[in-house]
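S.K.: This is the structure I want to talk about, given as structure tokens.
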There are 4 protein chains.
Amino acid sequence: MKPDIIRIAQATFTVSSLEASKEFYVDLLGMNLLHEENDALYLRGVEDREWTLKLEKCGDGEVPRVRHLGYRVRCGECLESLVELAEKQGLPYRWEEELDRPKMLRLQDPFGIPVAFYHEVKTYPWLLQEYHQHRGPGLQRVDHCNVRVPDVKATLDWYGQELGFRLSEYTVDEAGDYWAAWIQRRGGVHDFALTNGAGPCLHHWAYWMPDAMSIIKTCDILAGARQPERIERGPGRHGVSNAFFLYIRDPDGHRIELYTSDYVTVDPDFEPIKWLRDDPRRQTLWGAKTPRSWFEEASPMEAFDGGIQPAQEGKLTGIPVHVI
Amino acid sequence: MKPDIIRIAQATFTVSSLEASKEFYVDLLGMNLLHEENDALYLRGVEDREWTLKLEKCGDGEVPRVRHLGYRVRCGECLESLVELAEKQGLPYRWEEELDRPKMLRLQDPFGIPVAFYHEVKTYPWLLQEYHQHRGPGLQRVDHCNVRVPDVKATLDWYGQELGFRLSEYTVDEAGDYWAAWIQRRGGVHDFALTNGAGPCLHHWAYWMPDAMSIIKTCDILAGARQPERIERGPGRHGVSNAFFLYIRDPDGHRIELYTSDYVTVDPDFEPIKWLRDDPRRQTLWGAKTPRSWFEEASPMEAFDGGIQPAQEGKLTGIPVHVI
Amino acid sequence: MKPDIIRIAQATFTVSSLEASKEFYVDLLGMNLLHEENDALYLRGVEDREWTLKLEKCGDGEVPRVRHLGYRVRCGECLESLVELAEKQGLPYRWEEELDRPKMLRLQDPFGIPVAFYHEVKTYPWLLQEYHQHRGPGLQRVDHCNVRVPDVKATLDWYGQELGFRLSEYTVDEAGDYWAAWIQRRGGVHDFALTNGAGPCLHHWAYWMPDAMSIIKTCDILAGARQPERIERGPGRHGVSNAFFLYIRDPDGHRIELYTSDYVTVDPDFEPIKWLRDDPRRQTLWGAKTPRSWFEEASPMEAFDGGIQPAQEGKLTGIPVHVI
Amino acid sequence: MKPDIIRIAQATFTVSSLEASKEFYVDLLGMNLLHEENDALYLRGVEDREWTLKLEKCGDGEVPRVRHLGYRVRCGECLESLVELAEKQGLPYRWEEELDRPKMLRLQDPFGIPVAFYHEVKTYPWLLQEYHQHRGPGLQRVDHCNVRVPDVKATLDWYGQELGFRLSEYTVDEAGDYWAAWIQRRGGVHDFALTNGAGPCLHHWAYWMPDAMSIIKTCDILAGARQPERIERGPGRHGVSNAFFLYIRDPDGHRIELYTSDYVTVDPDFEPIKWLRDDPRRQTLWGAKTPRSWFEEASPMEAFDGGIQPAQEGKLTGIPVHVI
């Protein structure tokens, strides 16, 4: 039996200052603080019924990192079939628990990405219609994550064959090799995206926004707080996905995307959309160039036994030409 | 094998004047006219890759009606399993074809609703990113349909058990009986909704809109064209679904909903949301009352052998109290 | 010398509970509380550089009322010329002071409306670009007030001849008599509007909003707080003024309009726009009917010597037919 | 008597291809084509009651240019007082007429800027509420123009002293010298702006937009038409003016700004807002850098006796540091 992955659902980052993170995520972005502990914040969007981002204080001298990316699965048996897969392929795994999720399967995929899977979770009443409690721009729900990997094609194939992800869009370089890919389980454009480059590293973690104006408002809020430097790229319309987007950087440099208005991919004859890496409309439909930092900077990931997962160089060289 | 229904996908209405319909759907709503024949218009939204609404000139003296509601299924075998279901339950069925869809299974469900199922369809390049070709408010894609039926609970049960629809929200009357239900296959709030009342009749056919402002713009366009009477209800925010909505009536009285911004229902522990029929926030979260016509008027449906399907009275009596 | 009136600038209302008012205006509407005293709140929008609405606790058993409507004038001499006018026409007047405004000329116009004029005011840094401090829907600045008066034409003439107001739009009844008028000093559609009916009473006090979506958000916030009954009319697009609007009622029934996107009236050949009272597009361009309370309820005004100014019946009878 | 200037009201540009201009302004931007002649297009926004932009075919080999910037004045006598000013200061002037404006005073200001003044104009029913006729993003009305001049301070002083313009915002360089200024007659942020640099040249001509989303839509339309290169800067929020903006370039390189949501400047104690040239929030509140072309490119202006007005170097050297 193939595990039935529902969707990307949560992540844990380590951060150097909970106070600075709280100002960014709670005071400015207006995320709901579902739980607060001495060394951790548990955050969610207004549609989330569970916490979807944990920020954990990292140890002295430790580099802030991504501890894992978490997927929700349909059933308990799905977890067992993932264990079988891990056994068969020799992937390191263990059982963990975290607040509200008593049983998580933490494993390392063949590309060194720390992933976690869970079925059971304690949920809370959402805030979707509690509009009087919304704050800031109103982040709505987890949308997707994007990981920089050395070999996009191999990663894509594994997630497709073993975990049943479906391709929605992809980018090829001038030689026709896969430079980036967007894959999904949930019927939207993506739960997970892959970009060629040194990795594995988290490129960004994304929340769905209620509309484009809430993204504009995010820029205004960051500017009002005299933190315009948190805005790295956008706002704009993506060519890939057609979504309206903004990339911002948290106090530790973790990149958050605010994202809205992509399209539906449920049809059985949906044909993945192909883009050329240097098409000016690919990154931003409006032709806007992308800052170099967006290609060069990403969050390190935690290795299975702790420490930072060593990064391998990207298999393909070069980055898109529409860069400043 | 249970048929794998992907989503509600298309409908055919008959209309008394193609010219009047074209003005409404194409000139004012800006829908894309994919094909035009002497006696029919084939329309779609900018994200649709196939036509999603066919308007057919009805014969002299005929009452405009809904010929069928069409669902896309995952595979050819899905159609065979639907035939088996029809045979087993004695539901009338036949094979039909229509433009771009060579093989449709047209059957009548146990409640007299004319439904069609298809797998194969000719698709066309979408207009999603052809923004310079968008017109009017920019209807985006088919979202759902809503049918008035005499027995909501029985209909709900059949669609759940036989076709695998999942319940997202429901309304009960003071006795606790099902007064309305919203069910889905696609992972959103609904592909199909059921409301208690004389039927089967089509209550409305809905398109997804890019954002709330495009719905506001629709009102402005209809007002500009000196047709404010086409606006029946809204704009507003639904309590059920949390969507921003508008109900308009076409020249034959067919009701179209423009709808945006509901939520995701893919989680395995998603709990259907229950509303009391007379909760003032149920219909419109803002407490706005609903015009009586919205409860009393609906489009008749075509019987399997032609003519109008006779309507049965709704099993439950009474309509919500928030009516004007 | 004619007094040079700049704009409508502030008002004072009395309220029965400062706590309830604070919840409504500050917690829900997000107005900035510039000063707070034991018996008064001083509020403003994010663009206002001075307080623009004072809410004063009314005495036990007193009916909440409007104490005055305040206009900013260009110069100190403008106040003197207003005194001359009052002397000449026998209008009661006195000098008053209030917080931040050391010298206000309080007079009663010939129709019993309590008005105040001031030149000097203490201003504060605005919050327009302090987006991180905006709360709720972000009320921006005072826009206009609307008063119900027994004789629209006489009031209009006096404000035009004595105070230099210019007519932008007006409504006539079937006999061609003035049923309502919108007049301005500032170059927009209106600083002041007059509606036929028992009065003088304040019909509503209006704030400019950043955009239509902020008005939609207000509805959502009131609904979230389980106070949908505070929404009286709208949201919608006015025929008169073309503005997008919402009418809400505060805990004492004072009516607030949230308003945005009218047009510019500075041209010397601007021709006032005439509407027929029963044109369905006049009130709401979309043809929506207006609740009867909107015509029948209004805030009493304080008489010059205290107490409530007695209301006279409207000279014209009847209200528009598009009422529910 | 000082001339009473109402507002910036219209301009005439020459262009190399009316066909290309028509595609840009009419087909893509959706401007209303009020008149069309063999060698000219007359355009307006939906709120404009007169044409506000004339595009004239330029002669073979001629450089596209700005023929004049036109201001509306309150009265016929205003034109006479402008003639007196011209006589007194030795400014070249003549009477001209153009379509719908029988009597225009064309003069050259002391800085070589070709300006025209008129009182009388033929107006047309506006399209503001004819929403069904709006096309594209819905440009609404003329807002302002921005001119690059060698000596901002001298130009500012002359327009203030002789024509009664009021300062709303200004930028100083590190030495405290005026690097840019925004001045107004109409009660908004500006009718006219001045930027230091080689000139006189037209930096941009601006239309007011109904809201920020209509500006986003403009980007989408230009991208849909495969003309993303027409987008030069933005969209974003200005620090100066607080407006939401977009700069686009027409087929001849004339720069158009789409602009919305600034603030009101009518108060007598309004204090002009001062910015430092290198404040990162000045150009775009969000800290976005400005493309170098935005500082380096501008439209030449026609000299009084034909030909191109020779440009003088800007008195101040350097451009803001936030440039890419």
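Identifiers in the structure tokens: chain A, B, ... in order shown; residue index from 1 per chain; ligand index from 1 in order shown.
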I'd like to know which residues of stretch 40-117 of chain B are helix (DSSP H, G or I) (by DSSP, run on the backbone); could you write them as a VMD selection string?

M.R.: chain B and resid 76 to 89

S.K.: Please report, as a PyMOL selection string, each residue of stretch 151-210 of chain A to which DSSP assigns strand (DSSP E) when run on this structure's backbone.

M.R.: chain A and resi 166-172+178-184+192-196+201-208

S.K.: What's the 7 Å shell around stretch 45-50 of chain C, counting only C-alpha atoms, without same-chain residues fewer than 5 positions away, as a list in words?

M.R.: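 Once the nearby chain positions are removed, what remains is Met31, Asn32, Lys122, Thr123, Tyr124, Pro125, Trp126, Leu127, Leu128, Gly138, Leu139, Gln140 and Arg141 of chain C.
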
S.K.: Convert the current residue selection to file output with N, CA, C and O atoms, as a CSV table (one decimal), in the first residue's frame.

M.R.:
```csv
chain,number,residue,atom,x,y,z
C,31,MET,N,-10.5,52.7,15.7
C,31,MET,CA,-10.1,54.1,15.7
C,31,MET,C,-9.0,54.4,16.7
C,31,MET,O,-8.9,53.7,17.7
C,32,ASN,N,-8.2,55.4,16.4
C,32,ASN,CA,-7.1,55.8,17.3
C,32,ASN,C,-7.7,56.6,18.5
C,32,ASN,O,-8.4,57.6,18.2
C,122,LYS,N,-4.6,72.1,18.1
C,122,LYS,CA,-3.4,71.4,18.3
C,122,LYS,C,-3.4,70.1,17.5
C,122,LYS,O,-4.3,69.3,17.6
C,123,THR,N,-2.4,70.0,16.7
C,123,THR,CA,-2.3,68.7,15.8
C,123,THR,C,-1.3,67.8,16.4
C,123,THR,O,-0.4,68.1,17.2
C,124,TYR,N,-1.4,66.5,15.9
C,124,TYR,CA,-0.6,65.4,16.4
C,124,TYR,C,0.0,64.7,15.1
C,124,TYR,O,-0.7,64.8,14.1
C,125,PRO,N,1.1,64.1,15.2
C,125,PRO,CA,1.6,63.3,14.1
C,125,PRO,C,0.6,62.3,13.7
C,125,PRO,O,0.0,61.6,14.5
C,126,TRP,N,0.3,62.3,12.4
C,126,TRP,CA,-0.7,61.3,11.9
C,126,TRP,C,-0.1,59.9,11.9
C,126,TRP,O,1.0,59.6,12.2
C,127,LEU,N,-1.0,58.9,11.7
C,127,LEU,CA,-0.7,57.5,11.7
C,127,LEU,C,-0.7,56.9,10.3
C,127,LEU,O,-0.6,55.7,10.1
C,128,LEU,N,-0.8,57.8,9.3
C,128,LEU,CA,-1.1,57.3,7.9
C,128,LEU,C,-0.1,56.3,7.5
C,128,LEU,O,-0.4,55.2,6.9
C,138,GLY,N,-9.3,50.3,9.6
C,138,GLY,CA,-8.4,51.4,9.2
C,138,GLY,C,-9.2,52.7,8.8
C,138,GLY,O,-8.9,53.3,7.8
C,139,LEU,N,-10.1,53.2,9.6
C,139,LEU,CA,-10.8,54.4,9.3
C,139,LEU,C,-9.8,55.5,9.0
C,139,LEU,O,-8.8,55.6,9.8
C,140,GLN,N,-9.9,56.3,7.9
C,140,GLN,CA,-8.9,57.1,7.5
C,140,GLN,C,-9.0,58.6,7.9
C,140,GLN,O,-8.1,59.1,8.6
C,141,ARG,N,-10.1,59.2,7.6
C,141,ARG,CA,-10.3,60.6,8.0
C,141,ARG,C,-11.7,61.0,7.9
C,141,ARG,O,-12.5,60.3,7.2
```

S.K.: Do me a favour and pick out the residues of chain A within 10 Å of chain C, using only C-alpha atoms, as a count of residues only.

M.R.: 25

S.K.: What's around stretch 56-59 of chain A at 6 Å? Count only C-alpha atoms, leave out sequence neighbours fewer than 5 positions away in its own chain, and write the answer as a PyMOL selection string.

M.R.: chain A and resi 14-16+39-40

S.K.: How would the residues just picked look written out with all heavy atoms as a PDB file, in the first residue's frame?

M.R.:
```
ATOM      1  N   THR A  14      14.420  26.423  14.014  1.00  0.00           N
ATOM      2  CA  THR A  14      15.053  26.987  15.207  1.00  0.00           C
ATOM      3  C   THR A  14      15.428  28.436  14.902  1.00  0.00           C
ATOM      4  O   THR A  14      15.679  28.804  13.747  1.00  0.00           O
ATOM      5  CB  THR A  14      16.280  26.182  15.672  1.00  0.00           C
ATOM      6  OG1 THR A  14      17.297  26.279  14.675  1.00  0.00           O
ATOM      7  CG2 THR A  14      15.915  24.715  15.884  1.00  0.00           C
ATOM      8  N   VAL A  15      15.380  29.227  15.962  1.00  0.00           N
ATOM      9  CA  VAL A  15      15.614  30.670  15.812  1.00  0.00           C
ATOM     10  C   VAL A  15      16.523  31.154  16.934  1.00  0.00           C
ATOM     11  O   VAL A  15      16.579  30.541  18.006  1.00  0.00           O
ATOM     12  CB  VAL A  15      14.283  31.455  15.865  1.00  0.00           C
ATOM     13  CG1 VAL A  15      13.366  31.036  14.722  1.00  0.00           C
ATOM     14  CG2 VAL A  15      13.578  31.268  17.207  1.00  0.00           C
ATOM     15  N   SER A  16      17.207  32.249  16.692  1.00  0.00           N
ATOM     16  CA  SER A  16      18.183  32.699  17.702  1.00  0.00           C
ATOM     17  C   SER A  16      17.529  33.518  18.810  1.00  0.00           C
ATOM     18  O   SER A  16      18.056  33.597  19.907  1.00  0.00           O
ATOM     19  CB  SER A  16      19.298  33.485  17.025  1.00  0.00           C
ATOM     20  OG  SER A  16      18.763  34.518  16.249  1.00  0.00           O
ATOM     21  N   ASP A  39      10.782  27.832  25.631  1.00  0.00           N
ATOM     22  CA  ASP A  39      11.739  27.786  24.526  1.00  0.00           C
ATOM     23  C   ASP A  39      11.082  27.571  23.165  1.00  0.00           C
ATOM     24  O   ASP A  39      11.758  27.154  22.223  1.00  0.00           O
ATOM     25  CB  ASP A  39      12.763  26.676  24.787  1.00  0.00           C
ATOM     26  CG  ASP A  39      12.081  25.312  24.868  1.00  0.00           C
ATOM     27  OD1 ASP A  39      10.826  25.280  24.889  1.00  0.00           O
ATOM     28  OD2 ASP A  39      12.788  24.297  24.919  1.00  0.00           O
ATOM     29  N   ALA A  40       9.801  27.849  23.083  1.00  0.00           N
ATOM     30  CA  ALA A  40       9.157  27.622  21.786  1.00  0.00           C
ATOM     31  C   ALA A  40       7.856  28.398  21.636  1.00  0.00           C
ATOM     32  O   ALA A  40       7.139  28.635  22.619  1.00  0.00           O
ATOM     33  CB  ALA A  40       8.875  26.132  21.577  1.00  0.00           C
TER      34      ALA A  40
END
```

S.K.: So that I can see what lies close to C:Trp205, please list as a list in words the residues with an atom at most 10 Å from it, counting only C-alpha atoms and leaving out residues fewer than 2 positions away in the same chain.

M.R.: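 Surrounding residues, per the criterion: Gln10, Ala11, Leu53, Leu69, Val142, Asp143, His144, Cys145, Asn146, Val147, Phe192, Leu202, His203, Tyr207, Tyr247, His254, Arg255, Ile256, Glu257 and Leu258 of chain C.
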
S.K.: Would you write out those residues with N, CA and C atoms, as a CSV table (one decimal), in the first residue's frame?

M.R.:
```
chain,number,residue,atom,x,y,z
C,10,GLN,N,-15.0,67.9,12.7
C,10,GLN,CA,-15.1,67.1,14.0
C,10,GLN,C,-16.5,67.2,14.5
C,11,ALA,N,-16.8,66.3,15.5
C,11,ALA,CA,-18.2,66.4,16.1
C,11,ALA,C,-18.0,65.9,17.5
C,53,LEU,N,-13.6,63.0,16.6
C,53,LEU,CA,-14.9,62.6,17.2
C,53,LEU,C,-14.7,62.5,18.7
C,69,LEU,N,-21.6,70.0,15.4
C,69,LEU,CA,-20.8,69.6,14.3
C,69,LEU,C,-19.8,70.7,14.1
C,142,VAL,N,-12.1,62.1,8.6
C,142,VAL,CA,-13.5,62.6,8.5
C,142,VAL,C,-13.8,62.9,7.1
C,143,ASP,N,-15.0,62.5,6.7
C,143,ASP,CA,-15.4,62.8,5.3
C,143,ASP,C,-16.5,63.8,5.3
C,144,HIS,N,-17.6,63.5,5.9
C,144,HIS,CA,-18.8,64.4,5.8
C,144,HIS,C,-19.8,64.1,6.9
C,145,CYS,N,-20.8,65.0,7.0
C,145,CYS,CA,-21.9,64.7,7.9
C,145,CYS,C,-23.2,64.9,7.1
C,146,ASN,N,-24.3,64.2,7.6
C,146,ASN,CA,-25.6,64.3,6.9
C,146,ASN,C,-26.6,64.6,7.9
C,147,VAL,N,-27.4,65.6,7.7
C,147,VAL,CA,-28.4,66.1,8.6
C,147,VAL,C,-29.8,66.0,8.0
C,192,PHE,N,-21.2,68.2,3.7
C,192,PHE,CA,-22.4,68.3,4.4
C,192,PHE,C,-23.5,67.9,3.5
C,202,LEU,N,-29.1,64.5,13.4
C,202,LEU,CA,-28.0,64.0,12.6
C,202,LEU,C,-28.4,62.7,12.0
C,203,HIS,N,-28.3,62.6,10.7
C,203,HIS,CA,-28.5,61.3,10.0
C,203,HIS,C,-27.3,60.4,10.1
C,207,TYR,N,-16.8,58.6,7.9
C,207,TYR,CA,-15.3,58.5,7.7
C,207,TYR,C,-14.9,58.0,6.3
C,247,TYR,N,-23.4,51.6,6.2
C,247,TYR,CA,-23.9,52.3,7.4
C,247,TYR,C,-24.0,51.4,8.6
C,254,HIS,N,-26.2,56.1,17.2
C,254,HIS,CA,-25.6,57.1,16.3
C,254,HIS,C,-25.2,56.3,15.0
C,255,ARG,N,-25.5,56.9,13.9
C,255,ARG,CA,-25.2,56.2,12.6
C,255,ARG,C,-23.9,56.7,12.0
C,256,ILE,N,-23.0,55.8,11.7
C,256,ILE,CA,-21.7,56.1,11.1
C,256,ILE,C,-21.7,55.5,9.7
C,257,GLU,N,-21.3,56.4,8.8
C,257,GLU,CA,-21.0,55.9,7.4
C,257,GLU,C,-19.6,55.7,7.2
C,258,LEU,N,-19.2,54.6,6.6
C,258,LEU,CA,-17.9,54.3,6.1
C,258,LEU,C,-18.0,54.5,4.6
```
